[in-house]
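Have a look at query.cif; it's mmCIF, C-alpha atoms:
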data_entry
#
loop_
_atom_site.label_atom_id
_atom_site.label_comp_id
_atom_site.auth_asym_id
_atom_site.auth_seq_id
_atom_site.Cartn_x
_atom_site.Cartn_y
_atom_site.Cartn_z
CA MET A 1237 0.00 0.00 0.00
CA ASN A 1238 1.24 3.46 -0.87
CA GLU A 1239 1.06 5.32 2.45
CA ALA A 1240 1.60 8.70 0.79
CA LEU A 1241 -1.48 8.09 -1.40
CA VAL A 1242 -3.58 7.12 1.62
CA ILE A 1243 -2.50 10.17 3.62
CA THR A 1244 -3.14 12.45 0.65
CA LEU A 1245 -6.63 11.04 0.16
CA LEU A 1246 -7.51 11.36 3.86
CA VAL A 1247 -6.19 14.94 4.06
CA ILE A 1248 -8.14 15.89 0.92
CA SER A 1249 -11.26 14.28 2.42
CA ILE A 1250 -10.88 16.23 5.68
CA PHE A 1251 -10.40 19.61 4.04
CA ALA A 1252 -13.10 18.97 1.42
CA LEU A 1253 -15.66 18.15 4.11
CA LEU A 1254 -14.57 21.06 6.31
CA GLY A 1255 -14.73 23.36 3.28
CA CYS A 1256 -18.32 22.24 2.66
CA GLY A 1257 -19.25 23.34 6.17
CA VAL A 1258 -19.57 19.86 7.69
CA TRP A 1259 -19.11 19.78 11.48
CA VAL A 1260 -15.62 18.80 12.61
CA GLY A 1261 -16.79 15.65 14.45
CA LEU A 1262 -18.74 14.40 11.43
CA THR A 1263 -15.81 15.27 9.17
CA LEU A 1264 -13.47 13.09 11.22
CA ALA A 1265 -15.96 10.21 11.32
CA GLY A 1266 -16.66 10.51 7.57
CA THR A 1267 -12.97 10.51 6.71
CA ALA A 1268 -12.44 7.44 8.91
CA TRP A 1269 -15.31 5.64 7.19
CA ILE A 1270 -13.89 6.47 3.74
CA GLY A 1271 -10.46 5.20 4.80
CA MET A 1272 -11.78 1.90 6.20
CA GLU A 1273 -14.06 1.22 3.23
CA ILE A 1274 -11.33 1.80 0.64
CA PHE A 1275 -8.15 0.62 2.33
CA SER A 1276 -9.28 -1.97 4.91
CA SER A 1277 -11.19 -5.26 4.82
CA ARG A 1278 -12.88 -4.52 8.18
CA PRO A 1279 -16.55 -3.46 7.84
CA ALA A 1280 -16.74 0.23 8.77
CA GLY A 1281 -20.31 0.30 10.11
CA ASP A 1282 -19.99 -1.88 13.21
CA ALA A 1283 -16.52 -0.52 13.96
CA MET A 1284 -17.91 3.02 13.96
CA ALA A 1285 -20.82 2.08 16.23
CA VAL A 1286 -18.61 0.39 18.83
CA THR A 1287 -15.96 3.13 18.77
CA VAL A 1288 -18.41 6.04 19.01
CA TRP A 1289 -20.23 4.38 21.93
CA GLY A 1290 -16.94 3.69 23.72
CA ALA A 1291 -15.76 7.29 23.26
CA ALA A 1292 -19.07 8.78 24.42
CA SER A 1293 -19.39 6.54 27.51
CA SER A 1294 -15.88 7.09 28.91
CA TRP A 1295 -16.08 7.71 32.69
CA THR A 1296 -12.91 9.81 32.60
CA LEU A 1297 -14.68 12.24 30.31
CA THR A 1298 -17.32 12.96 32.97
CA ALA A 1299 -15.14 15.74 34.40
CA LEU A 1300 -15.39 17.70 31.15
CA PRO A 1301 -19.09 18.75 31.19
CA LEU A 1302 -18.82 19.57 34.90
CA PHE A 1303 -15.85 21.91 34.42
CA LEU A 1304 -17.62 23.45 31.43
CA TRP A 1305 -20.72 24.08 33.57
CA MET A 1306 -18.61 25.58 36.35
CA GLY A 1307 -17.04 28.00 33.87
CA GLU A 1308 -20.45 28.94 32.45
CA ILE A 1309 -21.82 29.67 35.94
CA LEU A 1310 -18.83 31.84 36.85
CA PHE A 1311 -19.07 33.62 33.50
CA ARG A 1312 -22.40 35.02 34.71
CA THR A 1313 -21.26 36.19 38.17
CA ARG A 1314 -19.61 39.46 39.24
CA LEU A 1315 -16.29 37.63 39.52
CA SER A 1316 -14.57 39.74 36.87
CA GLU A 1317 -15.46 43.03 38.57
CA ASP A 1318 -14.21 41.70 41.89
CA LEU A 1319 -10.93 40.58 40.32
CA PHE A 1320 -10.22 44.09 39.07
CA LYS A 1321 -11.09 45.70 42.40
CA GLY A 1322 -8.81 43.30 44.26
CA LEU A 1323 -5.82 43.43 41.90
CA ALA A 1324 -5.63 47.03 40.70
CA PRO A 1325 -4.31 48.65 43.93
CA TRP A 1326 -1.25 46.35 43.96
CA LEU A 1327 -0.15 47.05 40.36
CA ASN A 1328 0.26 50.84 40.25
CA ARG A 1329 3.99 50.75 40.96
CA LEU A 1330 4.86 48.02 38.40
CA PRO A 1331 6.11 49.11 34.94
CA GLY A 1332 3.04 48.78 32.74
CA ARG A 1333 0.76 49.26 35.73
CA LEU A 1334 -2.80 48.08 35.09
CA LEU A 1335 -1.91 46.18 31.89
CA HIS A 1336 -0.81 43.45 34.29
CA THR A 1337 -4.45 42.96 35.32
CA ASN A 1338 -4.97 41.18 32.00
CA VAL A 1339 -2.32 38.57 32.83
CA ILE A 1340 -3.02 38.11 36.54
CA GLY A 1341 -6.78 38.20 36.04
CA CYS A 1342 -6.57 35.55 33.30
CA ALA A 1343 -4.22 33.40 35.42
CA ILE A 1344 -6.63 33.50 38.38
CA PHE A 1345 -9.75 32.92 36.30
CA ALA A 1346 -7.99 30.12 34.38
CA ALA A 1347 -7.72 28.24 37.66
CA VAL A 1348 -11.50 28.00 37.89
CA SER A 1349 -12.51 28.01 34.22
CA GLY A 1350 -10.55 25.52 32.09
CA SER A 1351 -11.47 27.31 28.87
CA SER A 1352 -9.33 29.78 26.94
CA ALA A 1353 -12.30 31.50 25.29
CA ALA A 1354 -14.21 31.82 28.59
CA THR A 1355 -11.11 33.21 30.33
CA CYS A 1356 -10.45 35.72 27.56
CA ALA A 1357 -14.08 36.85 27.36
CA THR A 1358 -14.71 37.08 31.10
CA VAL A 1359 -11.58 39.07 31.93
CA GLY A 1360 -11.87 41.10 28.73
CA LYS A 1361 -15.41 42.25 29.55
CA MET A 1362 -14.01 43.91 32.64
CA THR A 1363 -10.53 45.09 31.63
CA ILE A 1364 -11.00 46.33 28.04
CA PRO A 1365 -13.45 49.20 28.81
CA GLU A 1366 -11.61 50.14 32.01
CA LEU A 1367 -8.10 50.17 30.49
CA LYS A 1368 -9.24 52.05 27.38
CA ARG A 1369 -11.00 54.61 29.58
CA ARG A 1370 -7.77 55.16 31.50
CA GLY A 1371 -5.81 55.73 28.25
CA TYR A 1372 -3.86 52.49 27.81
CA PRO A 1373 -2.99 51.79 24.13
CA GLU A 1374 -5.57 49.50 22.55
CA ASP A 1375 -3.06 47.28 20.75
CA LYS A 1376 -1.33 46.39 24.03
CA VAL A 1377 -4.62 45.90 25.86
CA LEU A 1378 -5.88 43.45 23.21
CA GLY A 1379 -2.51 41.78 22.58
CA THR A 1380 -1.80 41.01 26.23
CA LEU A 1381 -5.38 39.85 26.80
CA SER A 1382 -5.28 37.58 23.76
CA GLY A 1383 -2.06 35.94 24.93
CA ALA A 1384 -2.98 35.77 28.61
CA GLY A 1385 -6.37 34.26 27.77
CA THR A 1386 -4.57 31.13 26.58
CA LEU A 1387 -3.60 30.46 30.20
CA GLY A 1388 -7.10 29.01 30.49
CA LEU A 1389 -5.71 25.94 28.72
CA LEU A 1390 -2.49 25.56 30.70
CA ILE A 1391 -3.36 26.42 34.29
CA PRO A 1392 -5.49 23.59 35.72
CA PRO A 1393 -8.26 22.61 35.55
CA SER A 1394 -7.95 22.50 31.76
CA ILE A 1395 -10.40 21.09 29.22
CA ILE A 1396 -7.58 20.34 26.76
CA MET A 1397 -5.69 18.41 29.46
CA ILE A 1398 -8.76 16.26 30.09
CA VAL A 1399 -9.08 15.57 26.36
CA TYR A 1400 -5.37 14.75 26.06
CA GLY A 1401 -5.47 12.56 29.17
CA VAL A 1402 -8.33 10.52 27.70
CA ALA A 1403 -6.67 10.26 24.26
CA ALA A 1404 -3.20 9.36 25.63
CA ASP A 1405 -4.45 7.28 28.59
CA VAL A 1406 -2.44 9.21 31.19
CA SER A 1407 -3.45 10.50 34.62
CA ILE A 1408 -5.49 13.70 34.35
CA ALA A 1409 -4.64 14.59 37.97
CA LYS A 1410 -0.90 14.36 37.16
CA LEU A 1411 -1.43 16.49 34.05
CA PHE A 1412 -3.19 19.12 36.18
CA ILE A 1413 -0.27 19.19 38.60
CA ALA A 1414 2.25 19.30 35.74
CA GLY A 1415 0.58 22.42 34.33
CA ILE A 1416 1.03 24.58 37.44
CA VAL A 1417 4.68 25.62 37.08
CA PRO A 1418 4.59 26.07 33.27
CA GLY A 1419 1.44 28.18 33.69
CA ILE A 1420 3.13 30.42 36.24
CA MET A 1421 6.23 30.59 34.02
CA LEU A 1422 4.22 31.70 30.99
CA ALA A 1423 2.33 34.31 33.03
CA ALA A 1424 5.69 35.62 34.31
CA LEU A 1425 7.00 35.85 30.72
CA PHE A 1426 3.95 37.86 29.70
CA MET A 1427 4.33 40.21 32.67
CA GLY A 1428 8.04 40.56 31.96
CA TYR A 1429 7.26 41.62 28.41
CA ILE A 1430 4.73 44.20 29.62
CA ALA A 1431 7.30 45.65 32.03
CA TRP A 1432 10.01 45.71 29.30
CA TRP A 1433 7.65 47.44 26.85
CA ALA A 1434 6.55 49.99 29.47
CA ILE A 1435 10.15 50.89 30.35
CA ARG A 1436 10.92 51.43 26.64
CA ASN A 1437 7.72 53.42 26.03
CA PRO A 1438 7.07 55.47 29.20
CA GLY A 1439 5.00 58.04 27.30
CA ARG A 1440 2.37 55.45 26.32
CA VAL A 1441 1.65 54.36 29.90
CA PRO A 1442 -0.92 56.52 31.77
CA ALA A 1443 -0.01 58.03 35.11
CA ALA A 1444 -0.53 55.96 38.24
CA ASP A 1445 -3.66 56.29 40.35
CA GLN A 1446 -3.47 57.83 43.77
CA ASP A 1447 -1.49 55.57 46.07
CA MET A 1448 -3.35 53.62 48.72
CA THR A 1449 -2.11 52.73 52.14
CA LEU A 1450 -1.31 49.08 52.87
CA ARG A 1451 -4.47 48.85 54.94
CA GLN A 1452 -6.58 50.15 52.04
CA LYS A 1453 -4.96 47.68 49.63
CA LEU A 1454 -5.61 44.78 51.96
CA TYR A 1455 -9.22 45.92 52.35
CA GLN A 1456 -9.67 45.99 48.56
CA SER A 1457 -8.15 42.50 48.34
CA ARG A 1458 -11.20 41.08 50.11
CA HIS A 1459 -12.81 40.91 46.65
CA LEU A 1460 -10.37 38.11 45.74
CA ILE A 1461 -11.46 35.85 48.61
CA PRO A 1462 -14.38 34.06 46.85
CA VAL A 1463 -12.38 33.03 43.79
CA MET A 1464 -9.34 32.00 45.85
CA VAL A 1465 -11.57 29.80 48.06
CA LEU A 1466 -13.06 28.15 44.97
CA ILE A 1467 -9.59 27.52 43.49
CA ALA A 1468 -8.42 26.00 46.77
CA ALA A 1469 -11.49 23.75 46.93
CA VAL A 1470 -11.17 22.46 43.35
CA LEU A 1471 -7.41 22.07 43.00
CA GLY A 1472 -6.69 21.37 46.67
CA SER A 1473 -9.05 18.38 46.66
CA ILE A 1474 -7.11 16.89 43.72
CA TYR A 1475 -3.60 17.61 45.03
CA ALA A 1476 -4.45 16.35 48.52
CA GLY A 1477 -5.67 13.07 47.05
CA ILE A 1478 -9.15 13.62 48.47
CA ALA A 1479 -10.93 13.70 45.10
CA THR A 1480 -10.44 12.59 41.52
CA ALA A 1481 -10.62 15.14 38.70
CA THR A 1482 -14.29 14.25 38.15
CA GLU A 1483 -15.16 14.61 41.84
CA ALA A 1484 -13.26 17.91 42.01
CA ALA A 1485 -15.27 19.16 39.03
CA ALA A 1486 -18.46 18.38 40.94
CA ILE A 1487 -17.06 20.32 43.92
CA GLY A 1488 -16.36 23.20 41.54
CA VAL A 1489 -19.93 23.24 40.23
CA VAL A 1490 -21.36 23.28 43.77
CA GLY A 1491 -18.90 26.03 44.75
CA ALA A 1492 -19.72 28.11 41.66
CA LEU A 1493 -23.45 27.80 42.36
CA ALA A 1494 -22.88 28.82 45.99
CA LEU A 1495 -20.76 31.79 44.89
CA SER A 1496 -23.42 32.96 42.43
CA ILE A 1497 -26.12 32.65 45.13
CA VAL A 1498 -24.07 34.73 47.58
CA GLN A 1499 -23.46 37.37 44.90
CA GLY A 1500 -27.15 37.42 44.00
CA SER A 1501 -26.47 36.61 40.33
CA LEU A 1502 -28.17 33.19 40.27
CA THR A 1503 -31.64 33.33 38.77
CA ILE A 1504 -33.72 30.77 36.90
CA ALA A 1505 -32.63 32.46 33.66
CA THR A 1506 -28.88 32.44 34.42
CA PHE A 1507 -29.07 28.86 35.74
CA THR A 1508 -30.78 27.71 32.53
CA GLN A 1509 -28.38 29.70 30.32
CA SER A 1510 -25.32 28.25 32.07
CA LEU A 1511 -26.65 24.68 31.86
CA MET A 1512 -27.61 24.95 28.19
CA GLY A 1513 -24.32 26.70 27.32
CA ALA A 1514 -22.30 23.90 28.93
CA THR A 1515 -24.49 21.25 27.28
CA ARG A 1516 -24.05 22.72 23.79
CA LEU A 1517 -20.28 23.04 24.22
CA TYR A 1518 -19.91 19.52 25.62
CA CYS A 1519 -21.99 18.02 22.80
CA MET A 1520 -19.69 19.68 20.28
CA ILE A 1521 -16.57 18.38 22.05
CA ALA A 1522 -18.03 14.88 22.53
CA LEU A 1523 -18.88 14.64 18.83
CA ILE A 1524 -15.34 15.68 17.91
CA LEU A 1525 -13.87 13.13 20.33
CA ALA A 1526 -16.09 10.34 19.00
CA GLY A 1527 -15.17 11.15 15.39
CA ALA A 1528 -11.48 11.32 16.28
CA GLN A 1529 -11.60 7.98 18.10
CA PHE A 1530 -13.08 6.36 15.00
CA LEU A 1531 -10.45 8.03 12.81
CA THR A 1532 -7.73 6.70 15.14
CA LEU A 1533 -9.18 3.18 14.84
CA SER A 1534 -9.43 3.50 11.08
CA MET A 1535 -5.82 4.62 10.75
CA GLY A 1536 -4.78 1.71 12.95
CA TYR A 1537 -6.42 -0.79 10.59
CA ILE A 1538 -4.92 0.95 7.57
CA GLY A 1539 -1.50 0.90 9.26
CA LEU A 1540 -0.72 4.60 9.03
CA PRO A 1541 0.59 5.13 12.61
CA ARG A 1542 3.14 2.34 12.16
CA ALA A 1543 4.14 3.62 8.72
CA LEU A 1544 4.43 7.22 9.98
CA ALA A 1545 6.47 6.12 13.00
CA GLU A 1546 8.80 4.16 10.75
CA TRP A 1547 9.13 7.11 8.36
CA ILE A 1548 9.91 9.62 11.13
CA GLY A 1549 12.27 7.08 12.72
CA GLY A 1550 14.02 6.70 9.38
CA LEU A 1551 14.64 10.45 9.24
CA GLY A 1552 16.93 10.07 12.25
CA LEU A 1553 15.58 13.19 13.96
CA SER A 1554 16.89 13.91 17.42
CA GLN A 1555 14.39 14.60 20.21
CA PHE A 1556 14.93 18.34 19.78
CA TRP A 1557 14.23 18.41 16.05
CA LEU A 1558 11.26 16.09 16.47
CA ILE A 1559 9.79 18.49 19.02
CA MET A 1560 10.48 21.47 16.74
CA ALA A 1561 8.87 19.70 13.78
CA LEU A 1562 5.81 18.88 15.89
CA MET A 1563 5.57 22.48 17.11
CA VAL A 1564 5.53 23.81 13.53
CA SER A 1565 2.98 21.15 12.53
CA TYR A 1566 0.65 22.07 15.40
CA VAL A 1567 0.87 25.79 14.63
CA VAL A 1568 0.00 25.10 10.97
CA LEU A 1569 -2.93 22.90 12.02
CA GLY A 1570 -4.01 25.70 14.36
CA CYS A 1571 -4.57 27.92 11.33
CA PHE A 1572 -7.46 25.62 10.31
CA LEU A 1573 -8.71 23.66 13.35
CA ASP A 1574 -9.61 24.40 16.97
CA GLY A 1575 -7.40 23.10 19.77
CA ILE A 1576 -9.53 20.12 20.81
CA SER A 1577 -9.80 18.93 17.22
CA ILE A 1578 -6.01 19.17 16.83
CA VAL A 1579 -5.36 17.08 19.94
CA VAL A 1580 -7.82 14.29 19.23
CA LEU A 1581 -6.96 14.18 15.52
CA THR A 1582 -3.21 13.80 16.02
CA MET A 1583 -2.79 11.72 19.18
CA GLY A 1584 -3.48 8.34 17.58
CA VAL A 1585 -0.81 8.95 14.96
CA LEU A 1586 1.83 10.69 17.08
CA LEU A 1587 1.82 8.80 20.38
CA PRO A 1588 3.67 5.68 19.09
CA THR A 1589 6.34 7.94 17.58
CA VAL A 1590 6.62 10.06 20.73
CA GLN A 1591 6.95 6.98 22.94
CA ALA A 1592 9.53 5.45 20.60
CA ALA A 1593 11.57 8.66 20.93
CA GLY A 1594 11.60 8.23 24.73
CA ILE A 1595 9.52 11.35 25.44
CA ASP A 1596 7.59 11.38 28.74
CA LEU A 1597 3.84 11.50 28.01
CA ILE A 1598 3.10 13.88 30.91
CA TRP A 1599 5.77 16.28 29.58
CA PHE A 1600 4.43 15.83 26.05
CA GLY A 1601 0.94 16.71 27.28
CA ILE A 1602 2.17 20.07 28.60
CA PHE A 1603 4.07 20.64 25.34
CA VAL A 1604 0.89 19.92 23.35
CA VAL A 1605 -1.12 22.35 25.49
CA LEU A 1606 1.51 25.06 24.95
CA VAL A 1607 1.51 24.71 21.15
CA VAL A 1608 -2.29 24.49 21.09
CA GLU A 1609 -2.23 27.79 23.03
CA MET A 1610 -0.30 29.27 20.12
CA ALA A 1611 -3.08 28.08 17.82
CA GLN A 1612 -5.57 30.14 19.88
CA ILE A 1613 -3.95 33.36 18.59
CA THR A 1614 -3.10 32.35 15.01
CA PRO A 1615 -5.46 33.43 12.23
CA PRO A 1616 -7.78 32.47 10.66
CA VAL A 1617 -9.22 30.09 13.32
CA GLY A 1618 -7.71 31.50 16.52
CA PHE A 1619 -10.53 31.30 19.06
CA ASN A 1620 -9.20 34.15 21.20
CA LEU A 1621 -8.94 36.36 18.13
CA PHE A 1622 -12.61 35.68 17.35
CA VAL A 1623 -13.63 36.42 20.94
CA LEU A 1624 -11.81 39.76 21.03
CA SER A 1625 -12.97 40.71 17.54
CA GLY A 1626 -16.57 40.11 18.57
CA MET A 1627 -16.12 42.13 21.77
CA THR A 1628 -14.33 45.12 20.22
CA GLY A 1629 -15.32 45.17 16.54
CA ARG A 1630 -11.65 45.15 15.57
CA GLU A 1631 -10.51 43.10 12.55
CA LEU A 1632 -8.74 39.78 13.11
CA PRO A 1633 -5.45 40.88 11.41
CA TYR A 1634 -5.16 43.86 13.80
CA ILE A 1635 -5.62 41.66 16.88
CA ALA A 1636 -3.27 39.01 15.45
CA ARG A 1637 -0.52 41.63 14.96
CA ALA A 1638 -1.05 42.88 18.51
CA SER A 1639 -0.75 39.28 19.76
CA LEU A 1640 2.52 38.55 17.92
CA PRO A 1641 4.82 39.29 20.91
CA MET A 1642 2.81 36.82 23.01
CA PHE A 1643 3.18 34.20 20.28
CA ILE A 1644 6.96 34.68 20.27
CA LEU A 1645 7.05 34.36 24.07
CA MET A 1646 5.19 31.04 23.78
CA ILE A 1647 7.90 29.77 21.43
CA GLY A 1648 10.43 30.77 24.10
CA ALA A 1649 8.35 28.88 26.69
CA VAL A 1650 8.50 25.72 24.55
CA LEU A 1651 12.29 26.02 24.29
CA LEU A 1652 12.56 26.50 28.07
CA LEU A 1653 10.35 23.47 28.60
CA TYR A 1654 12.63 21.37 26.39
CA VAL A 1655 15.85 22.56 28.02
CA LEU A 1656 14.41 22.21 31.54
CA PRO A 1657 11.85 19.36 31.38
CA GLY A 1658 11.60 19.39 35.16
CA ILE A 1659 9.44 22.52 34.82
CA ALA A 1660 6.63 20.14 33.86
CA THR A 1661 7.67 16.82 35.40
CA TRP A 1662 9.10 17.65 38.84
CA LEU A 1663 5.78 18.33 40.64
CA PRO A 1664 3.88 15.22 39.43
CA GLN A 1665 6.92 13.02 40.13
CA ASN A 1666 7.35 14.28 43.68
CA MET A 1667 3.74 14.77 44.77
CA ARG A 1668 1.87 11.96 46.49
CA MET A 1669 -1.32 11.27 44.55
#

Starting from the coordinates I provided, produce the structure as structure tokens.
Amino acid sequence: MNEALVITLLVISIFALLGCGVWVGLTLAGTAWIGMEIFSSRPAGDAMAVTVWGAASSWTLTALPLFLWMGEILFRTRLSEDLFKGLAPWLNRLPGRLLHTNVIGCAIFAAVSGSSAATCATVGKMTIPELKRRGYPEDKVLGTLSGAGTLGLLIPPSIIMIVYGVAADVSIAKLFIAGIVPGIMLAALFMGYIAWWAIRNPGRVPAADQDMTLRQKLYQSRHLIPVMVLIAAVLGSIYAGIATATEAAAIGVVGALALSIVQGSLTIATFTQSLMGATRLYCMIALILAGAQFLTLSMGYIGLPRALAEWIGGLGLSQFWLIMALMVSYVVLGCFLDGISIVVLTMGVLLPTVQAAGIDLIWFGIFVVLVVEMAQITPPVGFNLFVLSGMTGRELPYIARASLPMFILMIGAVLLLYVLPGIATWLPQNMRM
């Protein structure tokens, strides 16, 4: 069998179906069916039924709709306003001043959301009008928010990590723990860039607000207490070994409902909207996962993973160049597909190759999340670009240009992760689960 011909046909099938407006999940399943019917003797119908049922009934996947619902509930609370009130007094003396609220706000909200788009939209609703009113340059406001919004994927709990954990059959709890230090590192890189830019362009940074006393700052920080308690409840239950990722997600939903009740933002309407929003998003993700599982099975019967692994092995690439090649491939895929589709579409093919190269699957999961983050700010299908364009009315190319420094910093983060793999692996290796 000519593997190049098979790959070409499958790629053409995927892009033809996507170009016709077919849903991603159905596109993956349709391509798998075409591949099995033409290149395999196994009947495609029963294989598809068994695979789709197995993908949809995975217990590990139960955490996903719960985290999605938690994020939807919080999206409708006054959490974003409280974040700004609690953070702003502490940032006046930093170079770049209130621009840092984008990064810190996204990092904090990422720890209770799990979604890049939800993080970007929630924090953006609060910071964009306020920062523009105070005179901060729009390109830096949107660029830093676009980049920092991607922290919703890296700082646990993360929807992409759950999807990767299911696809690669690795511990989701260990993936969550592995994402903590890289998430903090990336947030620090973003804040470092803001400070560097502010020092070089002092005239573009508005004057500081009136200084507060330490007592006043601490009093304003009371607004951060609800979100910090929720983060401690969700992540602390996992790290302490009290709860699994699924049980922690349930704790998060209960905590988010309690928080919205205390804030007075929970009504029948908001409850229904949050539940239906999470249901719609989960159905989309579940369909993509089911289609990708069938495509993985189909490629296994055709023999593509083995052939691809042998081809890459024959190239004699070192670990470094393999990682670089994968990074470029993921960024290119990110120009056409969303992050979840990229992960589930590629794992079946890449995992044998990655394991043969001696790469730790927990480390590889963090690497995948980082490069998928890049895809969130690459046109034409960068989710964060769409979110910000819808919120501000700005064109995608303008927001993409403003996000370019964040994209470059993410490349630097990947290189740091390769040089110092312990950034991702030390915590899960030394933490009792």

Any idea what's packed within 10 Å of range 1617-1624 of chain A, counting all atoms listed in the file, ignoring anything in its chain fewer than 5 positions away? Could you give it as a PDB file with C-alpha atoms, in the frame of the given file?
ATOM      1  CA  SER A1352      -9.330  29.780  26.940  1.00  0.00           C
ATOM      2  CA  ALA A1353     -12.300  31.500  25.290  1.00  0.00           C
ATOM      3  CA  ALA A1354     -14.210  31.820  28.590  1.00  0.00           C
ATOM      4  CA  THR A1355     -11.110  33.210  30.330  1.00  0.00           C
ATOM      5  CA  CYS A1356     -10.450  35.720  27.560  1.00  0.00           C
ATOM      6  CA  ALA A1357     -14.080  36.850  27.360  1.00  0.00           C
ATOM      7  CA  GLY A1360     -11.870  41.100  28.730  1.00  0.00           C
ATOM      8  CA  LYS A1361     -15.410  42.250  29.550  1.00  0.00           C
ATOM      9  CA  ILE A1364     -11.000  46.330  28.040  1.00  0.00           C
ATOM     10  CA  LEU A1378      -5.880  43.450  23.210  1.00  0.00           C
ATOM     11  CA  GLY A1379      -2.510  41.780  22.580  1.00  0.00           C
ATOM     12  CA  LEU A1381      -5.380  39.850  26.800  1.00  0.00           C
ATOM     13  CA  SER A1382      -5.280  37.580  23.760  1.00  0.00           C
ATOM     14  CA  GLY A1383      -2.060  35.940  24.930  1.00  0.00           C
ATOM     15  CA  ALA A1384      -2.980  35.770  28.610  1.00  0.00           C
ATOM     16  CA  GLY A1385      -6.370  34.260  27.770  1.00  0.00           C
ATOM     17  CA  THR A1386      -4.570  31.130  26.580  1.00  0.00           C
ATOM     18  CA  LEU A1569      -2.930  22.900  12.020  1.00  0.00           C
ATOM     19  CA  GLY A1570      -4.010  25.700  14.360  1.00  0.00           C
ATOM     20  CA  CYS A1571      -4.570  27.920  11.330  1.00  0.00           C
ATOM     21  CA  PHE A1572      -7.460  25.620  10.310  1.00  0.00           C
ATOM     22  CA  LEU A1573      -8.710  23.660  13.350  1.00  0.00           C
ATOM     23  CA  ASP A1574      -9.610  24.400  16.970  1.00  0.00           C
ATOM     24  CA  GLY A1575      -7.400  23.100  19.770  1.00  0.00           C
ATOM     25  CA  VAL A1608      -2.290  24.490  21.090  1.00  0.00           C
ATOM     26  CA  GLU A1609      -2.230  27.790  23.030  1.00  0.00           C
ATOM     27  CA  MET A1610      -0.300  29.270  20.120  1.00  0.00           C
ATOM     28  CA  ALA A1611      -3.080  28.080  17.820  1.00  0.00           C
ATOM     29  CA  GLN A1612      -5.570  30.140  19.880  1.00  0.00           C
ATOM     30  CA  GLY A1629     -15.320  45.170  16.540  1.00  0.00           C
ATOM     31  CA  ARG A1630     -11.650  45.150  15.570  1.00  0.00           C
ATOM     32  CA  GLU A1631     -10.510  43.100  12.550  1.00  0.00           C
ATOM     33  CA  LEU A1632      -8.740  39.780  13.110  1.00  0.00           C
ATOM     34  CA  PRO A1633      -5.450  40.880  11.410  1.00  0.00           C
ATOM     35  CA  TYR A1634      -5.160  43.860  13.800  1.00  0.00           C
ATOM     36  CA  ILE A1635      -5.620  41.660  16.880  1.00  0.00           C
ATOM     37  CA  ALA A1636      -3.270  39.010  15.450  1.00  0.00           C
ATOM     38  CA  SER A1639      -0.750  39.280  19.760  1.00  0.00           C
TER      39      SER A1639
END

Please expand the PyMOL selection byres ((chain A and resi 1330) around 12) into the concrete residues it hits in this file, giving the result as JSON, numbers by chain. {"A": [1324, 1325, 1326, 1327, 1328, 1329, 1331, 1332, 1333, 1334, 1335, 1336, 1337, 1427, 1428, 1430, 1431, 1432, 1433, 1434, 1435, 1441, 1443, 1444]}

With C-alpha atoms retained, export the selected residues as an mmCIF file, in the frame of the given file.
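Full text of result_31.cif as output:
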data_model
loop_
_atom_site.group_PDB
_atom_site.id
_atom_site.type_symbol
_atom_site.label_atom_id
_atom_site.label_comp_id
_atom_site.auth_asym_id
_atom_site.auth_seq_id
_atom_site.Cartn_x
_atom_site.Cartn_y
_atom_site.Cartn_z
ATOM 1 C CA ALA A 1324 -5.630 47.030 40.700
ATOM 2 C CA PRO A 1325 -4.310 48.650 43.930
ATOM 3 C CA TRP A 1326 -1.250 46.350 43.960
ATOM 4 C CA LEU A 1327 -0.150 47.050 40.360
ATOM 5 C CA ASN A 1328 0.260 50.840 40.250
ATOM 6 C CA ARG A 1329 3.990 50.750 40.960
ATOM 7 C CA PRO A 1331 6.110 49.110 34.940
ATOM 8 C CA GLY A 1332 3.040 48.780 32.740
ATOM 9 C CA ARG A 1333 0.760 49.260 35.730
ATOM 10 C CA LEU A 1334 -2.800 48.080 35.090
ATOM 11 C CA LEU A 1335 -1.910 46.180 31.890
ATOM 12 C CA HIS A 1336 -0.810 43.450 34.290
ATOM 13 C CA THR A 1337 -4.450 42.960 35.320
ATOM 14 C CA MET A 1427 4.330 40.210 32.670
ATOM 15 C CA GLY A 1428 8.040 40.560 31.960
ATOM 16 C CA ILE A 1430 4.730 44.200 29.620
ATOM 17 C CA ALA A 1431 7.300 45.650 32.030
ATOM 18 C CA TRP A 1432 10.010 45.710 29.300
ATOM 19 C CA TRP A 1433 7.650 47.440 26.850
ATOM 20 C CA ALA A 1434 6.550 49.990 29.470
ATOM 21 C CA ILE A 1435 10.150 50.890 30.350
ATOM 22 C CA VAL A 1441 1.650 54.360 29.900
ATOM 23 C CA ALA A 1443 -0.010 58.030 35.110
ATOM 24 C CA ALA A 1444 -0.530 55.960 38.240
#

Evaluating the PyMOL selection byres ((chain A and resi 1387) around 10) on the displayed file yields which residues, as a VMD selection string? chain A and resid 1339 to 1340 1342 to 1347 1350 to 1352 1355 to 1356 1382 to 1386 1388 to 1392 1394 1415 1418 to 1420 1422 to 1423 1605 to 1606 1609

Given all atoms listed in the file as the basis, pick out the residue of A:Gly1322, A:Ser1554, A:Ile1538, A:Ala1403 nearest to Ile1274 in chain A.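 Among the listed residues, the smallest separation from Ile1274 in chain A belongs to A:Ile1538.
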
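Every polymer residue reaching to within 9 Å of (-23.7, 28.0, 32.7), counting all atoms listed in the file, appears in this list: A:Leu1304, A:Trp1305, A:Met1306, A:Gly1307, A:Glu1308, A:Ile1309, A:Leu1310, A:Phe1311, A:Arg1312, A:Thr1506, A:Phe1507, A:Thr1508, A:Gln1509, A:Ser1510, A:Leu1511, A:Met1512, A:Gly1513, A:Ala1514, A:Thr1515.
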